file data-v2.cif (mmCIF, C-alpha atoms and all ligand atoms)
data_entry
loop_
_atom_site.label_atom_id
_atom_site.label_comp_id
_atom_site.auth_asym_id
_atom_site.auth_seq_id
_atom_site.Cartn_x
_atom_site.Cartn_y
_atom_site.Cartn_z
CA MET A 1 -15.71 -17.70 -14.61
CA GLU A 2 -15.11 -18.09 -10.90
CA THR A 3 -16.64 -15.35 -8.80
CA LEU A 4 -15.38 -13.69 -5.63
CA THR A 5 -17.31 -13.25 -2.40
CA HIS A 6 -16.99 -10.69 0.35
CA ASP A 7 -17.26 -11.07 4.09
CA GLU A 8 -19.67 -9.18 6.30
CA MET A 9 -16.89 -6.70 7.02
CA PRO A 10 -13.76 -5.89 4.98
CA ASN A 11 -10.57 -7.88 5.53
CA ILE A 12 -8.47 -4.75 5.20
CA VAL A 13 -9.54 -1.33 6.43
CA ARG A 14 -7.59 1.54 4.90
CA LEU A 15 -8.02 4.57 7.13
CA GLU A 16 -7.00 8.01 5.94
CA LEU A 17 -6.38 9.83 9.22
CA THR A 18 -5.66 13.06 7.36
CA ASN A 19 -5.99 13.98 3.69
CA THR A 20 -2.68 15.77 3.31
CA CYS A 21 1.07 15.28 3.29
CA ASN A 22 4.16 17.24 4.33
CA LEU A 23 6.05 16.36 1.11
CA GLN A 24 5.41 16.82 -2.60
CA CYS A 25 7.06 13.70 -4.02
CA PRO A 26 7.28 14.10 -7.80
CA HIS A 27 5.72 10.70 -8.50
CA CYS A 28 2.92 11.04 -5.91
CA ARG A 29 -0.50 10.48 -7.46
CA HIS A 30 -2.09 12.88 -4.97
CA HIS A 31 0.19 15.62 -3.64
CA SER A 32 3.06 16.18 -6.07
CA GLU A 33 3.91 19.78 -6.95
CA GLU A 34 2.17 19.35 -10.28
CA LYS A 35 -0.88 17.76 -8.71
CA ARG A 36 -1.08 20.64 -6.23
CA LEU A 37 -1.59 23.22 -8.97
CA PRO A 38 -5.06 24.71 -8.46
CA GLU A 39 -6.30 23.37 -11.77
CA ASN A 40 -5.08 19.83 -10.95
CA TYR A 41 -5.66 19.50 -7.20
CA ALA A 42 -8.85 17.68 -6.22
CA GLU A 43 -11.29 19.89 -4.32
CA TYR A 44 -11.16 17.36 -1.49
CA TYR A 45 -7.44 18.01 -0.99
CA LYS A 46 -7.69 21.79 -1.05
CA THR A 47 -9.01 21.88 2.52
CA PRO A 48 -7.08 19.81 5.06
CA VAL A 49 -9.34 17.31 6.82
CA SER A 50 -8.40 15.04 9.70
CA MET A 51 -10.31 12.41 11.61
CA THR A 52 -11.00 13.13 15.25
CA GLU A 53 -10.12 10.66 17.97
CA ALA A 54 -13.84 10.05 18.51
CA GLN A 55 -14.29 9.15 14.84
CA VAL A 56 -11.29 6.82 14.91
CA ALA A 57 -12.67 5.18 18.06
CA ALA A 58 -16.10 4.67 16.49
CA ILE A 59 -14.57 2.98 13.43
CA ILE A 60 -12.24 0.71 15.40
CA ASP A 61 -15.00 -0.25 17.85
CA GLU A 62 -17.27 -1.20 14.95
CA ILE A 63 -14.74 -3.31 13.04
CA ALA A 64 -12.88 -4.87 15.99
CA PRO A 65 -15.07 -7.99 16.35
CA PHE A 66 -14.31 -8.90 12.73
CA LYS A 67 -10.52 -8.68 13.16
CA PRO A 68 -9.56 -6.91 9.95
CA SER A 69 -6.08 -5.56 9.36
CA VAL A 70 -5.96 -1.76 9.57
CA THR A 71 -3.59 0.31 7.48
CA LEU A 72 -3.33 4.04 8.14
CA ASN A 73 -2.82 5.21 4.58
CA VAL A 74 -4.83 6.23 1.61
CA ALA A 75 -3.42 9.46 0.24
CA ASN A 76 -1.54 10.96 3.11
CA GLU A 77 1.34 11.02 5.55
CA PRO A 78 -0.26 9.43 8.62
CA MET A 79 2.31 10.66 11.14
CA ILE A 80 1.18 14.29 10.74
CA ALA A 81 -2.44 13.43 11.57
CA PRO A 82 -3.61 14.76 14.96
CA ALA A 83 -5.12 11.37 15.84
CA PHE A 84 -2.09 9.34 14.73
CA ARG A 85 -0.81 8.24 18.15
CA TYR A 86 -4.34 7.68 19.38
CA ALA A 87 -5.09 5.46 16.36
CA LEU A 88 -1.98 3.35 16.93
CA ARG A 89 -2.95 2.62 20.52
CA LYS A 90 -6.61 2.09 19.71
CA ILE A 91 -5.82 -0.46 16.98
CA LYS A 92 -3.64 -2.52 19.28
CA GLU A 93 -5.97 -2.20 22.30
CA ALA A 94 -8.70 -3.61 20.05
CA GLY A 95 -6.48 -6.61 19.24
CA LEU A 96 -6.16 -5.77 15.55
CA SER A 97 -3.09 -5.94 13.37
CA GLY A 98 -1.93 -2.59 12.08
CA THR A 99 0.35 -1.30 9.36
CA PHE A 100 1.25 2.08 7.97
CA ASN A 101 3.58 3.52 5.43
CA THR A 102 5.42 6.79 6.13
CA ASN A 103 7.78 9.14 4.34
CA GLY A 104 9.98 8.74 7.42
CA LEU A 105 10.47 12.44 8.20
CA GLY A 106 8.78 12.09 11.58
CA LEU A 107 10.45 8.88 12.73
CA SER A 108 11.67 10.05 16.12
CA GLU A 109 12.93 8.12 19.12
CA ALA A 110 9.61 8.83 20.87
CA ILE A 111 7.53 7.38 18.03
CA ALA A 112 9.86 4.38 17.85
CA ASN A 113 9.39 3.77 21.58
CA LEU A 114 5.61 3.94 21.21
CA LEU A 115 5.57 1.52 18.27
CA VAL A 116 7.72 -0.96 20.17
CA GLU A 117 5.78 -0.54 23.43
CA ILE A 118 2.40 -1.30 21.84
CA GLN A 119 3.88 -3.96 19.54
CA TYR A 120 2.50 -2.33 16.43
CA ASP A 121 2.68 -4.92 13.70
CA SER A 122 4.37 -3.43 10.69
CA VAL A 123 5.81 -0.12 9.49
CA THR A 124 7.15 0.66 6.03
CA ILE A 125 9.20 3.68 5.10
CA SER A 126 9.24 5.07 1.55
CA VAL A 127 12.83 5.44 0.43
CA ASP A 128 12.76 4.74 -3.33
CA ALA A 129 16.46 5.35 -3.92
CA ALA A 130 19.97 4.17 -3.13
CA THR A 131 21.59 7.56 -3.74
CA SER A 132 20.78 11.14 -2.73
CA GLU A 133 20.60 12.18 -6.39
CA THR A 134 17.85 9.67 -7.11
CA LEU A 135 16.14 10.48 -3.82
CA LYS A 136 15.78 14.04 -5.08
CA LEU A 137 14.07 12.75 -8.23
CA ALA A 138 11.85 10.34 -6.37
CA ARG A 139 10.91 12.31 -3.29
CA GLY A 140 12.01 15.90 -3.83
CA ILE A 141 14.39 15.68 -0.85
CA THR A 142 18.13 15.01 -0.82
CA ASN A 143 19.14 13.89 2.64
CA LEU A 144 19.23 10.13 2.24
CA ASP A 145 21.35 9.82 5.38
CA HIS A 146 18.61 11.46 7.45
CA LEU A 147 16.03 9.05 6.10
CA VAL A 148 18.23 6.04 6.73
CA LYS A 149 18.94 7.30 10.25
CA GLY A 150 15.21 7.44 11.00
CA VAL A 151 14.75 3.83 9.92
CA GLU A 152 17.82 2.79 11.90
CA THR A 153 16.44 4.55 14.98
CA LEU A 154 13.31 2.44 14.78
CA LEU A 155 15.35 -0.73 14.22
CA ARG A 156 17.69 0.10 17.12
CA VAL A 157 14.85 0.81 19.55
CA ARG A 158 13.11 -2.39 18.54
CA GLY A 159 16.29 -4.45 18.79
CA ASP A 160 15.62 -8.19 18.82
CA ARG A 161 11.98 -7.81 19.71
CA PRO A 162 9.55 -9.05 17.07
CA PHE A 163 7.44 -5.93 16.52
CA PRO A 164 7.06 -3.79 14.65
CA ARG A 165 8.32 -5.46 11.53
CA VAL A 166 10.18 -2.77 9.64
CA GLY A 167 10.37 -2.53 5.86
CA THR A 168 11.43 -0.02 3.26
CA THR A 169 9.62 0.59 0.00
CA PHE A 170 10.78 1.28 -3.52
CA VAL A 171 8.40 2.49 -6.23
CA ILE A 172 10.10 1.35 -9.40
CA THR A 173 10.34 4.04 -12.10
CA ASP A 174 12.44 4.60 -15.19
CA TYR A 175 14.86 6.81 -13.25
CA ASN A 176 15.53 4.58 -10.24
CA TYR A 177 15.24 0.96 -11.35
CA LYS A 178 18.97 0.56 -11.86
CA GLU A 179 19.44 1.23 -8.15
CA LEU A 180 17.22 -1.65 -7.09
CA PRO A 181 20.08 -4.17 -6.69
CA ALA A 182 22.00 -1.73 -4.47
CA PHE A 183 18.82 -0.90 -2.57
CA LEU A 184 18.10 -4.57 -1.85
CA GLU A 185 21.67 -5.26 -0.80
CA PHE A 186 21.72 -2.24 1.52
CA TRP A 187 18.44 -2.97 3.26
CA LYS A 188 18.94 -6.74 3.45
CA THR A 189 21.41 -6.19 6.27
CA ARG A 190 19.15 -3.74 8.12
CA ALA A 191 15.39 -4.08 7.56
CA ASP A 192 13.03 -7.06 7.80
CA PHE A 193 11.68 -6.69 4.29
CA VAL A 194 11.62 -4.53 1.19
CA ARG A 195 8.47 -3.90 -0.82
CA VAL A 196 8.90 -3.02 -4.49
CA THR A 197 5.87 -1.64 -6.31
CA GLY A 198 5.16 -0.65 -9.88
CA TYR A 199 4.64 2.98 -10.76
CA ILE A 200 1.00 3.89 -11.36
CA LYS A 201 0.31 6.91 -13.49
CA ASP A 202 -2.74 9.16 -13.69
CA GLY A 203 -5.28 6.84 -12.14
CA ARG A 204 -4.80 4.23 -14.81
CA PRO A 205 -2.56 1.30 -13.90
CA ASP A 206 -1.05 0.21 -17.19
CA VAL A 207 1.25 -2.74 -16.75
CA SER A 208 3.34 -1.63 -19.71
CA TYR A 209 4.71 1.19 -17.52
CA ILE A 210 6.51 -1.50 -15.54
CA PRO A 211 9.91 -2.20 -17.10
CA GLY A 212 9.85 -5.48 -18.97
CA TRP A 213 6.06 -5.84 -19.11
CA SER A 214 3.33 -5.46 -21.72
CA ARG A 215 -0.43 -5.95 -21.48
CA GLU A 216 -0.21 -8.98 -23.78
CA GLN A 217 1.57 -10.85 -20.97
CA LEU A 218 -1.38 -10.58 -18.60
CA PRO A 219 -3.51 -13.65 -17.94
CA GLU A 220 -7.23 -13.82 -18.67
CA ARG A 221 -8.99 -11.15 -16.66
CA VAL A 222 -10.75 -12.02 -13.38
CA PRO A 223 -12.82 -10.01 -10.87
CA CYS A 224 -10.71 -7.57 -8.87
CA LYS A 225 -10.16 -8.47 -5.23
CA GLN A 226 -9.86 -4.85 -4.15
CA ILE A 227 -13.63 -4.37 -3.92
CA PHE A 228 -14.15 -7.71 -2.17
CA ARG A 229 -11.39 -7.33 0.43
CA ASP A 230 -10.58 -3.68 1.19
CA ILE A 231 -12.52 -0.64 2.24
CA VAL A 232 -10.90 2.73 1.54
CA ILE A 233 -12.11 5.32 4.06
CA ARG A 234 -11.17 8.94 3.47
CA ALA A 235 -10.55 11.45 6.26
CA ASN A 236 -14.07 12.90 5.82
CA GLY A 237 -15.67 9.45 6.00
CA ASP A 238 -16.26 9.06 2.27
CA VAL A 239 -15.57 5.61 0.85
CA THR A 240 -13.62 5.40 -2.39
CA PRO A 241 -13.98 2.18 -4.43
CA CYS A 242 -10.32 1.15 -4.22
CA VAL A 243 -6.73 2.34 -3.79
CA ILE A 244 -6.50 3.16 -7.49
CA THR A 245 -9.57 5.38 -7.60
CA SER A 246 -8.38 7.12 -4.44
CA GLU A 247 -6.56 9.44 -6.84
CA ASN A 248 -9.91 11.02 -7.75
CA PRO A 249 -11.55 11.66 -4.39
CA ASP A 250 -14.07 14.10 -5.87
CA GLU A 251 -15.55 11.31 -7.99
CA ASN A 252 -16.98 7.85 -7.48
CA THR A 253 -17.77 8.05 -3.77
CA LEU A 254 -19.77 5.00 -2.66
CA GLY A 255 -21.13 6.47 0.56
CA ASN A 256 -19.96 8.00 3.81
CA ILE A 257 -19.40 5.88 6.90
CA PHE A 258 -20.35 8.74 9.22
CA ARG A 259 -23.71 9.22 7.50
CA ASP A 260 -24.63 5.98 5.80
CA GLY A 261 -24.68 3.28 8.45
CA GLY A 262 -21.03 3.02 9.44
CA VAL A 263 -18.42 0.76 7.85
CA ARG A 264 -20.93 -2.07 7.63
CA GLY A 265 -23.54 0.11 5.93
CA VAL A 266 -21.29 1.26 3.10
CA TRP A 267 -19.41 -2.02 2.72
CA ASN A 268 -22.69 -3.89 2.21
CA GLY A 269 -24.47 -1.00 0.48
CA ALA A 270 -25.95 -0.95 -3.01
CA ALA A 271 -23.17 1.12 -4.61
CA MET A 272 -20.39 -1.23 -3.48
CA GLN A 273 -22.46 -4.31 -4.34
CA ARG A 274 -23.14 -2.99 -7.85
CA LEU A 275 -19.40 -2.91 -8.54
CA ARG A 276 -18.96 -6.44 -7.22
CA ASP A 277 -21.86 -7.75 -9.30
CA LEU A 278 -20.44 -6.19 -12.46
CA HIS A 279 -17.04 -7.74 -11.77
CA ASN A 280 -18.48 -11.16 -11.01
CA GLY A 281 -20.45 -10.92 -14.24
CA GLY A 282 -17.32 -10.09 -16.22
CA LYS A 283 -18.72 -6.62 -16.95
CA TRP A 284 -15.84 -4.54 -15.60
CA ASP A 285 -15.78 -2.56 -18.84
CA GLU A 286 -19.09 -1.04 -17.77
CA ILE A 287 -17.27 0.68 -14.90
CA PRO A 288 -15.33 3.63 -16.33
CA PHE A 289 -12.42 3.35 -13.89
CA CYS A 290 -12.16 -0.44 -13.97
CA GLY A 291 -12.28 -0.97 -17.71
CA PRO A 292 -8.81 0.39 -18.56
CA CYS A 293 -7.22 -0.60 -15.18
CA ASP A 294 -4.66 -3.42 -15.02
CA TYR A 295 -4.46 -3.52 -11.23
CA TRP A 296 -6.99 -6.40 -11.06
CA VAL A 297 -3.95 -8.59 -11.70
CA GLU A 298 -3.13 -8.18 -7.98
CA THR A 299 -6.01 -10.59 -7.33
CA PHE A 300 -3.77 -13.63 -7.75
CA ASN A 301 -2.13 -15.59 -4.97
CA MET A 302 1.48 -14.97 -4.02
CA LYS A 303 4.18 -16.81 -5.89
CA GLU A 304 7.12 -17.56 -3.65
CA GLU A 305 10.78 -18.33 -4.12
CA VAL A 306 13.85 -18.14 -1.91
CA LYS A 307 16.60 -16.21 -3.61
CA ASP A 308 19.68 -14.25 -2.52
CA GLY A 309 18.71 -14.45 1.17
CA PHE A 310 15.14 -13.29 0.56
CA LEU A 311 11.81 -15.05 0.59
CA VAL A 312 10.55 -13.29 -2.52
CA ARG A 313 6.75 -13.13 -2.74
CA THR A 314 4.69 -11.58 -5.49
CA PRO A 315 1.08 -11.67 -6.61
CA SER A 316 1.63 -9.66 -9.79
CA PRO A 317 4.08 -7.40 -11.62
CA TYR A 318 2.84 -4.57 -9.38
CA THR A 319 4.11 -5.82 -6.05
CA THR A 320 7.10 -7.83 -4.88
CA PHE A 321 7.98 -8.42 -1.23
CA TYR A 322 11.57 -9.28 -0.39
CA ASN A 323 11.40 -10.80 3.08
CA VAL A 324 14.81 -11.22 4.67
CA VAL A 325 14.95 -14.94 5.41
CA GLU A 326 16.87 -14.43 8.65
CA ARG A 327 14.13 -12.14 9.96
CA LEU A 328 10.98 -14.11 9.29
CA GLY A 329 10.50 -15.03 12.96
CA SER A 330 7.78 -12.43 13.57
CA TRP A 331 6.04 -12.94 10.27
CA ASP A 332 2.84 -14.94 9.89
CA LYS A 333 1.79 -15.54 6.31
CA ASN A 334 -1.73 -16.43 7.41
CA ARG A 335 -2.33 -12.97 8.83
CA VAL A 336 -2.59 -9.88 6.73
CA HIS A 337 0.88 -8.66 7.61
CA ASP A 338 2.86 -6.04 5.73
CA ARG A 339 0.00 -6.12 3.18
CA GLN A 340 1.11 -9.64 2.22
CA GLY A 341 -2.14 -11.28 3.27
CA ALA A 342 -4.02 -13.92 1.37
CA ALA A 343 -7.70 -12.97 1.70
CA ASN A 344 -9.82 -13.33 -1.44
CA VAL A 345 -7.14 -14.46 -3.83
CA ARG A 346 -7.03 -16.65 -6.93
CA GLU A 347 -4.35 -18.84 -8.43
CA TRP A 348 -2.55 -17.52 -11.49
CA GLU A 349 -1.28 -20.64 -13.20
CA GLY A 350 1.33 -18.80 -15.22
CA SER A 351 4.52 -17.44 -13.71
CA VAL A 352 4.59 -13.90 -12.41
CA GLY A 353 7.44 -11.57 -13.19
CA VAL A 354 9.68 -11.03 -10.21
CA VAL A 355 12.28 -8.28 -10.28
CA THR A 356 15.30 -9.58 -8.45
CA ALA A 357 18.63 -8.05 -7.78
CA GLY A 358 20.51 -10.46 -9.98
CA GLU A 359 18.35 -9.72 -13.00
CA ILE A 360 19.00 -6.03 -13.28
CA ASP A 361 22.22 -4.91 -14.82
CA PRO A 362 23.05 -1.61 -13.11
CA ALA A 363 25.11 -0.56 -16.11
CA GLY A 364 22.64 -1.69 -18.75
CA ASP A 365 19.63 -0.03 -20.29
CA GLU A 366 17.15 -2.85 -20.07
CA VAL A 367 15.50 -4.54 -17.14
CA GLU A 368 15.02 -8.23 -17.57
CA ILE A 369 12.21 -9.78 -15.64
CA ASP A 370 11.26 -13.42 -15.30
CA SER A 371 7.88 -13.93 -16.84
S1 LIG B 401 -10.03 -3.00 -11.51
FE1 LIG B 401 -8.75 -1.22 -10.89
S2 LIG B 401 -10.15 0.49 -10.66
FE2 LIG B 401 -11.38 -1.40 -10.66
S3 LIG B 401 -11.62 -1.97 -8.49
FE3 LIG B 401 -9.81 -3.04 -9.27
S4 LIG B 401 -8.09 -1.70 -8.79
FE4 LIG B 401 -9.94 -0.46 -8.65
#

call {"tool": "encode", "arguments": {"input": "data-v2.cif", "output": "structure tokens", "more": "lines below"}}
Ligand code: SF4
result
Amino acid sequence: METLTHDEMPNIVRLELTNTCNLQCPHCRHHSEEKRLPENYAEYYKTPVSMTEAQVAAIIDEIAPFKPSVTLNVANEPMIAPAFRYALRKIKEAGLSGTFNTNGLGLSEAIANLLVEIQYDSVTISVDAATSETLKLARGITNLDHLVKGVETLLRVRGDRPFPRVGTTFVITDYNYKELPAFLEFWKTRADFVRVTGYIKDGRPDVSYIPGWSREQLPERVPCKQIFRDIVIRANGDVTPCVITSENPDENTLGNIFRDGGVRGVWNGAAMQRLRDLHNGGKWDEIPFCGPCDYWVETFNMKEEVKDGFLVRTPSPYTTFYNVVERLGSWDKNRVHDRQGAANVREWEGSVGVVTAGEIDPAGDEVEIDS
């Protein structure tokens, strides 16, 4: 079995500027109303924690020479973090590429002006619906027009300039998937790209939750790139193994960057290396959270096809990027843009299921996916 290697510093740095959110989206793995019940809510989330500007500066200064991509999300709404604007400027002053995903509630003209002024690389807005009724199910809010207006404000302020690239996201669930064709058609004439992701439930990515997929369709298992490419830094400095395990912040911490030698210390530390060694030895079942997880399938390289005006790119059933062909001018596939980067990937010889607008019958009950 081929093994993966890791660089001296992570290729992607996921920074959680604050550990909380101003919404309670029903499908959120961290802050939904159900998750916020005292018996369900992680201790870590019960007390709001935010990084200070000095902490953000120390992290960016340490990683800057290695040119990773920085994304300002783990389990939070980054725009409500006190250090949010500072972090945006700091990332760009350090010459790094930056992304973040937002629920869009705070997308004001002032923020749009800042993002355009500093040429922040990429912003995605969670929308998840083509109608207000479905928006209520997906996000717990009803004003789709307000959300759309926020995205349009950012697009208007940016105009023909290349940055930031602006995308909308759609977490595909059993109650919204029929709206995907309408969603793609709507945003194709407005945004630069749409990112569609599979719903992940209760810390255990099971590919059979994705319409049209079963575990039998997965290829032979390989080491998971998450622990070779990304570092997941919580607002208190703790490092969580990966985006999936971020759902359980009270467990599985691999160290703390403010106490254990910075980003470099934890990234190259014994706890992180143990996970990598187990994966490279094919012993993922010895790691309680990795054994039953299907998200390793994201390790494969992007498959690409041009269809319906999109450059459709997907590494696995969990993620599909629909890049609007007419707006690819500012996009560089060799950089880790819009989380579409290519660091530490493998080839999956089989074909990967791609959900495309033409393959979903809005009136039907079944989703058909190429596989
Ligand atoms: S296999 Fe799953 S739980 Fe394990 S590192 Fe990869 S994404 Fe995380």

call {"tool": "residues_near_ligand", "arguments": {"input": "data-v2.cif", "ligand": "ligand LIG 401 (chain B)", "cutoff": "10 Å", "atoms": "only C-alpha atoms and all ligand atoms", "output": "number ranges by chain"}}
result
A: 203-205, 221-228, 230, 240-246, 275-276, 279, 284-285, 287-299

call {"tool": "residues_around", "arguments": {"input": "data-v2.cif", "residues": "stretch 13-16 of chain A", "least_positions_apart": "4", "cutoff": "7 Å", "atoms": "all atoms listed in the file", "output": "list of chain:residue names"}}
result
A:Pro68, A:Ser69, A:Val70, A:Thr71, A:Leu72, A:Asn73, A:Val74, A:Ala75, A:Asn76, A:Asp230, A:Ile231, A:Val232, A:Ile233, A:Arg234, A:Ala235

call {"tool": "residues_around", "arguments": {"input": "data-v2.cif", "residues": "A:Pro249", "least_positions_apart": "4", "cutoff": "9 Å", "atoms": "only C-alpha atoms", "output": "PDB file with C-alpha atoms, in the coordinates of the input"}}
result
ATOM      1  CA  ALA A  42      -8.850  17.680  -6.220  1.00  0.00           C
ATOM      2  CA  GLU A  43     -11.290  19.890  -4.320  1.00  0.00           C
ATOM      3  CA  TYR A  44     -11.160  17.360  -1.490  1.00  0.00           C
ATOM      4  CA  TYR A  45      -7.440  18.010  -0.990  1.00  0.00           C
ATOM      5  CA  ARG A 234     -11.170   8.940   3.470  1.00  0.00           C
ATOM      6  CA  ASP A 238     -16.260   9.060   2.270  1.00  0.00           C
ATOM      7  CA  VAL A 239     -15.570   5.610   0.850  1.00  0.00           C
ATOM      8  CA  THR A 240     -13.620   5.400  -2.390  1.00  0.00           C
ATOM      9  CA  THR A 245      -9.570   5.380  -7.600  1.00  0.00           C
ATOM     10  CA  THR A 253     -17.770   8.050  -3.770  1.00  0.00           C
TER      11      THR A 253
END

call {"tool": "residues_around", "arguments": {"input": "data-v2.cif", "residues": "stretch 164-174 of chain A", "least_positions_apart": "4", "cutoff": "6 Å", "atoms": "all atoms listed in the file", "output": "PDB file with C-alpha atoms, in the coordinates of the input"}}
result
ATOM      1  CA  GLN A 119       3.880  -3.960  19.540  1.00  0.00           C
ATOM      2  CA  TYR A 120       2.500  -2.330  16.430  1.00  0.00           C
ATOM      3  CA  ASP A 121       2.680  -4.920  13.700  1.00  0.00           C
ATOM      4  CA  SER A 122       4.370  -3.430  10.690  1.00  0.00           C
ATOM      5  CA  VAL A 123       5.810  -0.120   9.490  1.00  0.00           C
ATOM      6  CA  THR A 124       7.150   0.660   6.030  1.00  0.00           C
ATOM      7  CA  ILE A 125       9.200   3.680   5.100  1.00  0.00           C
ATOM      8  CA  SER A 126       9.240   5.070   1.550  1.00  0.00           C
ATOM      9  CA  VAL A 127      12.830   5.440   0.430  1.00  0.00           C
ATOM     10  CA  ASP A 128      12.760   4.740  -3.330  1.00  0.00           C
ATOM     11  CA  ALA A 191      15.390  -4.080   7.560  1.00  0.00           C
ATOM     12  CA  ASP A 192      13.030  -7.060   7.800  1.00  0.00           C
ATOM     13  CA  PHE A 193      11.680  -6.690   4.290  1.00  0.00           C
ATOM     14  CA  VAL A 194      11.620  -4.530   1.190  1.00  0.00           C
ATOM     15  CA  ARG A 195       8.470  -3.900  -0.820  1.00  0.00           C
ATOM     16  CA  VAL A 196       8.900  -3.020  -4.490  1.00  0.00           C
ATOM     17  CA  THR A 197       5.870  -1.640  -6.310  1.00  0.00           C
ATOM     18  CA  GLY A 198       5.160  -0.650  -9.880  1.00  0.00           C
ATOM     19  CA  TYR A 199       4.640   2.980 -10.760  1.00  0.00           C
TER      20      TYR A 199
END

call {"tool": "closest_residue", "arguments": {"input": "data-v2.cif", "among": "A:Ser108, A:Asn236, A:Thr3, A:Asn103", "to": "A:Gln24", "atoms": "all atoms listed in the file"}}
result
A:Asn103

call {"tool": "closest_residue", "arguments": {"input": "data-v2.cif", "among": "A:Leu278, A:Val324, A:Ala94, A:Leu311", "to": "A:Ala64", "atoms": "only C-alpha atoms"}}
result
A:Ala94

call {"tool": "residues_around", "arguments": {"input": "data-v2.cif", "residues": "A:Val56", "least_positions_apart": "6", "cutoff": "9 Å", "atoms": "all atoms listed in the file", "output": "list in words"}}
result
Leu15, Leu17, Ala83, Tyr86, Ala87 and Lys90 of chain A

call {"tool": "atom_distance", "arguments": {"input": "data-v2.cif", "atom1": "atom CA of A:Gly150", "atom2": "atom CA of A:Lys188"}}
result
16.5 Å

call {"tool": "atom_distance", "arguments": {"input": "data-v2.cif", "atom1": "atom CA of A:Leu155", "atom2": "atom CA of A:His30"}}
result
29.3 Å

call {"tool": "residues_around", "arguments": {"input": "data-v2.cif", "residues": "A:Glu117", "least_positions_apart": "6", "cutoff": "12 Å", "atoms": "all atoms listed in the file", "output": "ChimeraX atom specification"}}
result
/A:88-89,92-93,110-111,154,157-158,161-164

call {"tool": "closest_residue", "arguments": {"input": "data-v2.cif", "among": "A:Val266, A:Ala57, A:Met302, A:Ala138", "to": "A:Thr314", "atoms": "only C-alpha atoms"}}
result
A:Met302

call {"tool": "atom_distance", "arguments": {"input": "data-v2.cif", "atom1": "atom CA of A:Ser97", "atom2": "atom CA of A:Asp160"}}
result
19.6 Å

call {"tool": "closest_residue", "arguments": {"input": "data-v2.cif", "among": "A:Gln55, A:Arg29, A:Asn301, A:Gly261", "to": "A:Arg313", "atoms": "all atoms listed in the file"}}
result
A:Asn301

call {"tool": "closest_atom_pairs", "arguments": {"input": "data-v2.cif", "of": "stretch 200-292 of chain A", "to": "stretch 175-184 of chain A", "cutoff": "12 Å", "atoms": "all atoms listed in the file", "output": "Markdown table"}}
result
| residue | atom | partner | partner_atom | distance |
| --- | --- | --- | --- | --- |
| A:Ile210 | CA | A:Tyr177 | CA | 10.0 |
| A:Pro211 | CA | A:Tyr177 | CA | 8.5 |
| A:Gly212 | CA | A:Tyr177 | CA | 11.3 |
